[in-house]
Amino acid sequence: MLWLFTDSSRGGNPLTAAAGLPRGLCGVVFRHDDTPDRAGLGRALARICRARRLVLVVAGDVRLAQALGAGMHLRAGRFAGPQAANLRRRRPISSSAHTIKDIKRARIAGADAIFLSPAFPTASHPGAPALGPARWAALAGKYMVRGQFLLALGGVTGHTAGALPRLCGGVGAIGALGG
């Protein structure tokens, strides 16, 4: 599965990018934390996602996720706010993970999809060591749980995605899908 991660500084127009995703085959992680009218942008994005049958998850804001009828994206496996328990039972949950501890926290939180990052060198984390395909595969193989998907994030392009192992459940991208 292909996931668009919105980013107010790197990703371009999230509405254009989401509208260009293949119908019914993708998801969108709505971040844009610093956007003045985040709720308005979220509503417009949710309309596109519904029309195109895209999964939508909201990062860091349970109330906005509920208002949009979206799932929740956890940062490092952490829920944001006490309303999260209500959301868990009804909507998809995704999470980022940069460490083994993050993977474990996301698993305990019941994340359906965990984005293990950075798979490759990325502009989001300049100078940070990338996992690379072999280490990504080793971590994924060790921590994969039935019913949860591990996906690659960070430096994923059409070229680098081909180097990922078969057990990779999908990829997330920012710049490569920017609108």
# chains A, B, ... in the order shown; residues from 1 in each chain; ligands from 1

$ residues_around --residues "Arg107 in chain A" --least-positions-apart "3" --cutoff "9 Å" --atoms "only C-alpha atoms" --output "list in words"
Gly77, Asp102, Ile103, Lys104, Gly110, Ala111, Asp112, Ile114, Tyr143, Val145 and Gln148 of chain A

$ select_by_dssp --residues "chain A" --states "alpha helix (DSSP H)" --output "CSV table (one decimal) with N, CA and C atoms, in the first residue's frame"
chain,number,residue,atom,x,y,z
A,14,PRO,N,-1.3,19.2,-0.4
A,14,PRO,CA,-1.8,17.8,0.0
A,14,PRO,C,-3.0,17.5,-0.8
A,15,LEU,N,-3.8,18.5,-1.1
A,15,LEU,CA,-5.1,18.2,-1.8
A,15,LEU,C,-4.8,17.7,-3.3
A,16,THR,N,-3.9,18.3,-3.9
A,16,THR,CA,-3.5,17.9,-5.3
A,16,THR,C,-2.8,16.5,-5.2
A,17,ALA,N,-1.9,16.3,-4.2
A,17,ALA,CA,-1.3,15.0,-4.1
A,17,ALA,C,-2.2,13.9,-3.8
A,18,ALA,N,-3.2,14.1,-2.9
A,18,ALA,CA,-4.2,13.1,-2.6
A,18,ALA,C,-5.1,12.8,-3.8
A,19,ALA,N,-5.5,13.8,-4.5
A,19,ALA,CA,-6.3,13.6,-5.7
A,19,ALA,C,-5.6,12.8,-6.8
A,38,ARG,N,-5.9,24.2,10.1
A,38,ARG,CA,-5.7,22.8,9.9
A,38,ARG,C,-7.0,22.0,9.8
A,39,ALA,N,-8.0,22.4,10.6
A,39,ALA,CA,-9.3,21.7,10.5
A,39,ALA,C,-10.0,21.9,9.1
A,40,GLY,N,-9.9,23.1,8.5
A,40,GLY,CA,-10.4,23.3,7.2
A,40,GLY,C,-9.7,22.5,6.1
A,41,LEU,N,-8.4,22.5,6.2
A,41,LEU,CA,-7.6,21.7,5.3
A,41,LEU,C,-7.9,20.2,5.4
A,42,GLY,N,-8.1,19.8,6.7
A,42,GLY,CA,-8.5,18.4,7.0
A,42,GLY,C,-9.8,18.0,6.4
A,43,ARG,N,-10.8,18.9,6.5
A,43,ARG,CA,-12.1,18.7,5.9
A,43,ARG,C,-12.0,18.5,4.4
A,44,ALA,N,-11.3,19.4,3.7
A,44,ALA,CA,-11.1,19.3,2.3
A,44,ALA,C,-10.4,18.0,1.9
A,45,LEU,N,-9.4,17.6,2.7
A,45,LEU,CA,-8.7,16.4,2.4
A,45,LEU,C,-9.6,15.2,2.7
A,46,ALA,N,-10.3,15.2,3.7
A,46,ALA,CA,-11.3,14.1,4.0
A,46,ALA,C,-12.3,13.9,2.9
A,47,ARG,N,-12.8,15.0,2.3
A,47,ARG,CA,-13.7,14.8,1.1
A,47,ARG,C,-13.0,14.1,0.0
A,48,ILE,N,-11.8,14.5,-0.3
A,48,ILE,CA,-11.0,13.8,-1.4
A,48,ILE,C,-10.8,12.4,-1.1
A,49,CYS,N,-10.4,12.1,0.2
A,49,CYS,CA,-10.2,10.7,0.6
A,49,CYS,C,-11.4,9.8,0.5
A,50,ARG,N,-12.6,10.4,0.9
A,50,ARG,CA,-13.8,9.6,0.8
A,50,ARG,C,-14.2,9.4,-0.7
A,51,ALA,N,-14.1,10.4,-1.5
A,51,ALA,CA,-14.4,10.3,-2.9
A,51,ALA,C,-13.5,9.3,-3.6
A,52,ARG,N,-12.2,9.2,-3.2
A,52,ARG,CA,-11.3,8.3,-3.9
A,52,ARG,C,-11.1,7.0,-3.1
A,62,VAL,N,-6.6,13.7,18.2
A,62,VAL,CA,-7.7,12.8,18.3
A,62,VAL,C,-9.1,13.4,17.9
A,63,ARG,N,-9.3,14.6,18.4
A,63,ARG,CA,-10.5,15.3,18.2
A,63,ARG,C,-10.7,15.6,16.7
A,64,LEU,N,-9.7,16.1,16.0
A,64,LEU,CA,-9.8,16.3,14.6
A,64,LEU,C,-10.0,15.0,13.8
A,65,ALA,N,-9.3,13.9,14.2
A,65,ALA,CA,-9.5,12.6,13.6
A,65,ALA,C,-11.0,12.2,13.7
A,66,GLN,N,-11.6,12.4,14.9
A,66,GLN,CA,-13.0,12.0,15.1
A,66,GLN,C,-13.9,12.9,14.3
A,67,ALA,N,-13.6,14.2,14.2
A,67,ALA,CA,-14.5,15.1,13.5
A,67,ALA,C,-14.4,14.8,12.0
A,68,LEU,N,-13.3,14.3,11.5
A,68,LEU,CA,-13.2,14.0,10.1
A,68,LEU,C,-13.6,12.5,9.8
A,84,ALA,N,-8.5,8.9,22.8
A,84,ALA,CA,-8.0,7.9,21.9
A,84,ALA,C,-8.6,6.5,22.0
A,85,ALA,N,-9.0,6.1,23.2
A,85,ALA,CA,-9.5,4.8,23.4
A,85,ALA,C,-10.8,4.6,22.6
A,86,ASN,N,-11.6,5.7,22.5
A,86,ASN,CA,-12.9,5.6,21.7
A,86,ASN,C,-12.5,5.4,20.2
A,87,LEU,N,-11.5,6.1,19.7
A,87,LEU,CA,-11.1,6.0,18.3
A,87,LEU,C,-10.6,4.6,18.0
A,88,ARG,N,-9.8,4.0,18.9
A,88,ARG,CA,-9.2,2.8,18.6
A,88,ARG,C,-10.1,1.7,18.1
A,100,ILE,N,13.4,0.5,18.3
A,100,ILE,CA,12.8,-0.8,18.7
A,100,ILE,C,11.7,-0.5,19.7
A,101,LYS,N,12.0,0.5,20.6
A,101,LYS,CA,11.1,0.9,21.7
A,101,LYS,C,9.8,1.4,21.0
A,102,ASP,N,9.9,2.2,20.0
A,102,ASP,CA,8.8,2.8,19.3
A,102,ASP,C,7.9,1.7,18.6
A,103,ILE,N,8.6,0.7,18.0
A,103,ILE,CA,7.9,-0.4,17.4
A,103,ILE,C,7.0,-1.2,18.5
A,104,LYS,N,7.7,-1.4,19.6
A,104,LYS,CA,7.0,-2.1,20.7
A,104,LYS,C,5.8,-1.3,21.2
A,105,ARG,N,6.0,0.0,21.4
A,105,ARG,CA,4.9,0.9,21.9
A,105,ARG,C,3.7,0.9,20.9
A,106,ALA,N,4.1,0.9,19.6
A,106,ALA,CA,3.0,1.0,18.5
A,106,ALA,C,2.3,-0.4,18.5
A,107,ARG,N,3.0,-1.5,18.7
A,107,ARG,CA,2.3,-2.8,18.7
A,107,ARG,C,1.3,-2.8,19.9
A,108,ILE,N,1.8,-2.4,21.1
A,108,ILE,CA,0.9,-2.4,22.3
A,108,ILE,C,-0.3,-1.5,22.1
A,109,ALA,N,-0.1,-0.4,21.4
A,109,ALA,CA,-1.2,0.6,21.1
A,109,ALA,C,-2.2,0.0,20.1
A,132,GLY,N,18.6,1.2,5.8
A,132,GLY,CA,19.0,0.5,4.7
A,132,GLY,C,18.1,-0.8,4.6
A,133,PRO,N,18.1,-1.4,3.4
A,133,PRO,CA,17.2,-2.6,3.2
A,133,PRO,C,17.5,-3.8,4.1
A,134,ALA,N,18.8,-4.1,4.4
A,134,ALA,CA,19.1,-5.2,5.2
A,134,ALA,C,18.7,-5.0,6.6
A,135,ARG,N,19.0,-3.9,7.2
A,135,ARG,CA,18.6,-3.7,8.6
A,135,ARG,C,17.1,-3.5,8.7
A,136,TRP,N,16.5,-2.8,7.8
A,136,TRP,CA,15.1,-2.7,7.8
A,136,TRP,C,14.4,-4.1,7.8
A,137,ALA,N,14.9,-5.0,7.0
A,137,ALA,CA,14.3,-6.3,6.9
A,137,ALA,C,14.6,-7.1,8.2
A,138,ALA,N,15.7,-6.9,8.8
A,138,ALA,CA,16.0,-7.6,10.0
A,138,ALA,C,15.1,-7.2,11.2
A,139,LEU,N,14.9,-5.9,11.3
A,139,LEU,CA,14.0,-5.3,12.3
A,139,LEU,C,12.5,-5.8,12.0
A,140,ALA,N,12.1,-5.7,10.8
A,140,ALA,CA,10.8,-6.0,10.4
A,140,ALA,C,10.5,-7.5,10.7
A,141,GLY,N,11.5,-8.4,10.3
A,141,GLY,CA,11.3,-9.8,10.5
A,141,GLY,C,11.2,-10.1,12.0
A,142,LYS,N,12.0,-9.4,12.8
A,142,LYS,CA,12.0,-9.7,14.3
A,142,LYS,C,10.7,-9.2,15.0
A,143,TYR,N,10.2,-8.1,14.5
A,143,TYR,CA,9.1,-7.4,15.3
A,143,TYR,C,7.8,-7.5,14.6
A,158,GLY,N,10.6,5.8,-6.2
A,158,GLY,CA,10.4,4.6,-7.1
A,158,GLY,C,11.6,3.8,-7.2
A,159,HIS,N,12.8,4.4,-7.1
A,159,HIS,CA,14.0,3.6,-7.3
A,159,HIS,C,14.3,2.8,-6.0
A,160,THR,N,14.3,3.5,-4.8
A,160,THR,CA,14.7,2.9,-3.6
A,160,THR,C,13.6,1.8,-3.1
A,161,ALA,N,12.4,2.0,-3.5
A,161,ALA,CA,11.3,1.0,-3.0
A,161,ALA,C,11.6,-0.4,-3.6

$ atom_distance --atom1 "CA of Pro36 in chain A" --atom2 "CA of Trp3 in chain A"
23.8 Å

$ select_by_dssp --residues "chain A" --states "strand (DSSP E or B)" --output "MDAnalysis selection string"
chainID A and resid 2:5 26:30 55:59 71:75 78 93:97 113:116 149:153 171:173

$ write_last_selection --atoms "N, CA and C atoms" --output "mmCIF file, in the first residue's frame"
data_model
loop_
_atom_site.group_PDB
_atom_site.id
_atom_site.type_symbol
_atom_site.label_atom_id
_atom_site.label_comp_id
_atom_site.auth_asym_id
_atom_site.auth_seq_id
_atom_site.Cartn_x
_atom_site.Cartn_y
_atom_site.Cartn_z
ATOM 1 N N LEU A 2 0.475 2.235 -0.707
ATOM 2 C CA LEU A 2 1.191 3.497 -0.827
ATOM 3 C C LEU A 2 0.518 4.543 0.062
ATOM 4 N N TRP A 3 1.319 5.247 0.869
ATOM 5 C CA TRP A 3 0.818 6.265 1.775
ATOM 6 C C TRP A 3 1.477 7.599 1.494
ATOM 7 N N LEU A 4 0.665 8.630 1.422
ATOM 8 C CA LEU A 4 1.138 10.005 1.323
ATOM 9 C C LEU A 4 1.209 10.579 2.729
ATOM 10 N N PHE A 5 2.363 11.102 3.104
ATOM 11 C CA PHE A 5 2.510 11.843 4.361
ATOM 12 C C PHE A 5 2.488 13.316 3.998
ATOM 13 N N CYS A 26 -4.644 3.465 -1.603
ATOM 14 C CA CYS A 26 -3.659 4.249 -0.874
ATOM 15 C C CYS A 26 -4.223 4.802 0.420
ATOM 16 N N GLY A 27 -3.325 5.437 1.167
ATOM 17 C CA GLY A 27 -3.710 6.103 2.393
ATOM 18 C C GLY A 27 -3.015 7.449 2.494
ATOM 19 N N VAL A 28 -3.528 8.288 3.389
ATOM 20 C CA VAL A 28 -2.965 9.610 3.627
ATOM 21 C C VAL A 28 -2.782 9.795 5.127
ATOM 22 N N VAL A 29 -1.572 10.195 5.523
ATOM 23 C CA VAL A 29 -1.298 10.580 6.905
ATOM 24 C C VAL A 29 -1.287 12.102 6.915
ATOM 25 N N PHE A 30 -2.308 12.690 7.532
ATOM 26 C CA PHE A 30 -2.456 14.143 7.558
ATOM 27 C C PHE A 30 -1.705 14.696 8.763
ATOM 28 N N VAL A 55 -7.654 5.677 2.591
ATOM 29 C CA VAL A 55 -7.635 5.656 4.051
ATOM 30 C C VAL A 55 -7.051 6.986 4.520
ATOM 31 N N LEU A 56 -7.653 7.594 5.535
ATOM 32 C CA LEU A 56 -7.147 8.841 6.095
ATOM 33 C C LEU A 56 -6.899 8.656 7.578
ATOM 34 N N VAL A 57 -5.702 9.013 8.016
ATOM 35 C CA VAL A 57 -5.375 9.046 9.439
ATOM 36 C C VAL A 57 -4.809 10.425 9.753
ATOM 37 N N VAL A 58 -5.096 10.918 10.955
ATOM 38 C CA VAL A 58 -4.668 12.248 11.385
ATOM 39 C C VAL A 58 -3.598 12.095 12.457
ATOM 40 N N ALA A 59 -2.508 12.812 12.297
ATOM 41 C CA ALA A 59 -1.407 12.759 13.258
ATOM 42 C C ALA A 59 -1.657 13.715 14.415
ATOM 43 N N GLY A 71 -8.944 7.857 10.918
ATOM 44 C CA GLY A 71 -8.178 7.114 11.893
ATOM 45 C C GLY A 71 -7.138 8.020 12.532
ATOM 46 N N MET A 72 -6.283 7.407 13.333
ATOM 47 C CA MET A 72 -5.281 8.154 14.099
ATOM 48 C C MET A 72 -3.884 7.693 13.717
ATOM 49 N N HIS A 73 -2.980 8.665 13.574
ATOM 50 C CA HIS A 73 -1.560 8.348 13.369
ATOM 51 C C HIS A 73 -0.815 8.719 14.642
ATOM 52 N N LEU A 74 -0.160 7.735 15.227
ATOM 53 C CA LEU A 74 0.606 7.942 16.450
ATOM 54 C C LEU A 74 2.034 8.305 16.110
ATOM 55 N N ARG A 75 2.608 9.126 16.923
ATOM 56 C CA ARG A 75 4.023 9.461 16.774
ATOM 57 C C ARG A 75 4.781 8.606 17.778
ATOM 58 N N ARG A 78 2.741 6.619 20.449
ATOM 59 C CA ARG A 78 2.071 7.304 21.560
ATOM 60 C C ARG A 78 0.737 7.908 21.116
ATOM 61 N N ILE A 93 -5.441 2.666 12.910
ATOM 62 C CA ILE A 93 -4.372 3.340 13.644
ATOM 63 C C ILE A 93 -3.058 3.018 12.955
ATOM 64 N N SER A 94 -2.296 4.070 12.680
ATOM 65 C CA SER A 94 -0.947 3.893 12.156
ATOM 66 C C SER A 94 0.014 4.570 13.124
ATOM 67 N N SER A 95 1.295 4.259 12.980
ATOM 68 C CA SER A 95 2.293 4.864 13.856
ATOM 69 C C SER A 95 3.626 4.943 13.145
ATOM 70 N N SER A 96 4.387 5.959 13.498
ATOM 71 C CA SER A 96 5.780 6.009 13.064
ATOM 72 C C SER A 96 6.602 5.248 14.099
ATOM 73 N N ALA A 97 7.768 4.773 13.688
ATOM 74 C CA ALA A 97 8.692 4.106 14.611
ATOM 75 C C ALA A 97 10.113 4.337 14.112
ATOM 76 N N ALA A 113 -0.766 -0.394 11.208
ATOM 77 C CA ALA A 113 0.361 -0.179 10.297
ATOM 78 C C ALA A 113 1.432 0.621 11.040
ATOM 79 N N ILE A 114 2.671 0.158 10.938
ATOM 80 C CA ILE A 114 3.789 0.827 11.590
ATOM 81 C C ILE A 114 4.803 1.202 10.517
ATOM 82 N N PHE A 115 5.110 2.495 10.440
ATOM 83 C CA PHE A 115 6.062 3.011 9.460
ATOM 84 C C PHE A 115 7.446 3.049 10.094
ATOM 85 N N LEU A 116 8.303 2.116 9.707
ATOM 86 C CA LEU A 116 9.658 2.010 10.228
ATOM 87 C C LEU A 116 10.566 2.927 9.419
ATOM 88 N N PHE A 149 1.036 -4.428 9.939
ATOM 89 C CA PHE A 149 1.916 -4.288 8.794
ATOM 90 C C PHE A 149 3.059 -3.352 9.142
ATOM 91 N N LEU A 150 4.252 -3.714 8.714
ATOM 92 C CA LEU A 150 5.390 -2.821 8.817
ATOM 93 C C LEU A 150 5.640 -2.253 7.436
ATOM 94 N N LEU A 151 5.715 -0.942 7.376
ATOM 95 C CA LEU A 151 5.898 -0.234 6.121
ATOM 96 C C LEU A 151 7.161 0.604 6.205
ATOM 97 N N ALA A 152 7.719 0.939 5.071
ATOM 98 C CA ALA A 152 8.944 1.735 5.021
ATOM 99 C C ALA A 152 8.615 3.197 4.807
ATOM 100 N N LEU A 153 9.356 4.052 5.494
ATOM 101 C CA LEU A 153 9.215 5.495 5.355
ATOM 102 C C LEU A 153 10.609 6.100 5.428
ATOM 103 N N VAL A 171 4.725 1.441 1.543
ATOM 104 C CA VAL A 171 5.663 2.545 1.712
ATOM 105 C C VAL A 171 4.907 3.845 1.953
ATOM 106 N N GLY A 172 5.585 4.737 2.658
ATOM 107 C CA GLY A 172 5.084 6.076 2.853
ATOM 108 C C GLY A 172 6.073 7.038 2.214
ATOM 109 N N ALA A 173 5.570 8.137 1.699
ATOM 110 C CA ALA A 173 6.445 9.114 1.052
ATOM 111 C C ALA A 173 5.906 10.521 1.268
#

$ atom_distance --atom1 "CA of Gly24 in chain A" --atom2 "CA of Ala119 in chain A"
25.2 Å

$ residues_around --residues "Gly155 in chain A" --least-positions-apart "2" --cutoff "7 Å" --atoms "only C-alpha atoms" --output "list in words"
Pro118, Ala119, Phe120, Pro121, Thr122, Leu153 and Thr157 of chain A

$ atom_distance --atom1 "CA of Phe79 in chain A" --atom2 "CA of Leu131 in chain A"
25.0 Å

$ closest_residue --among "A:Arg23, A:Arg91, A:Arg53, A:His32" --to "Ile174 in chain A" --atoms "only C-alpha atoms"
A:His32

$ closest_residue --among "A:Leu25, A:Ala123, A:Ala70, A:Leu54" --to "Val156 in chain A" --atoms "only C-alpha atoms"
A:Ala123
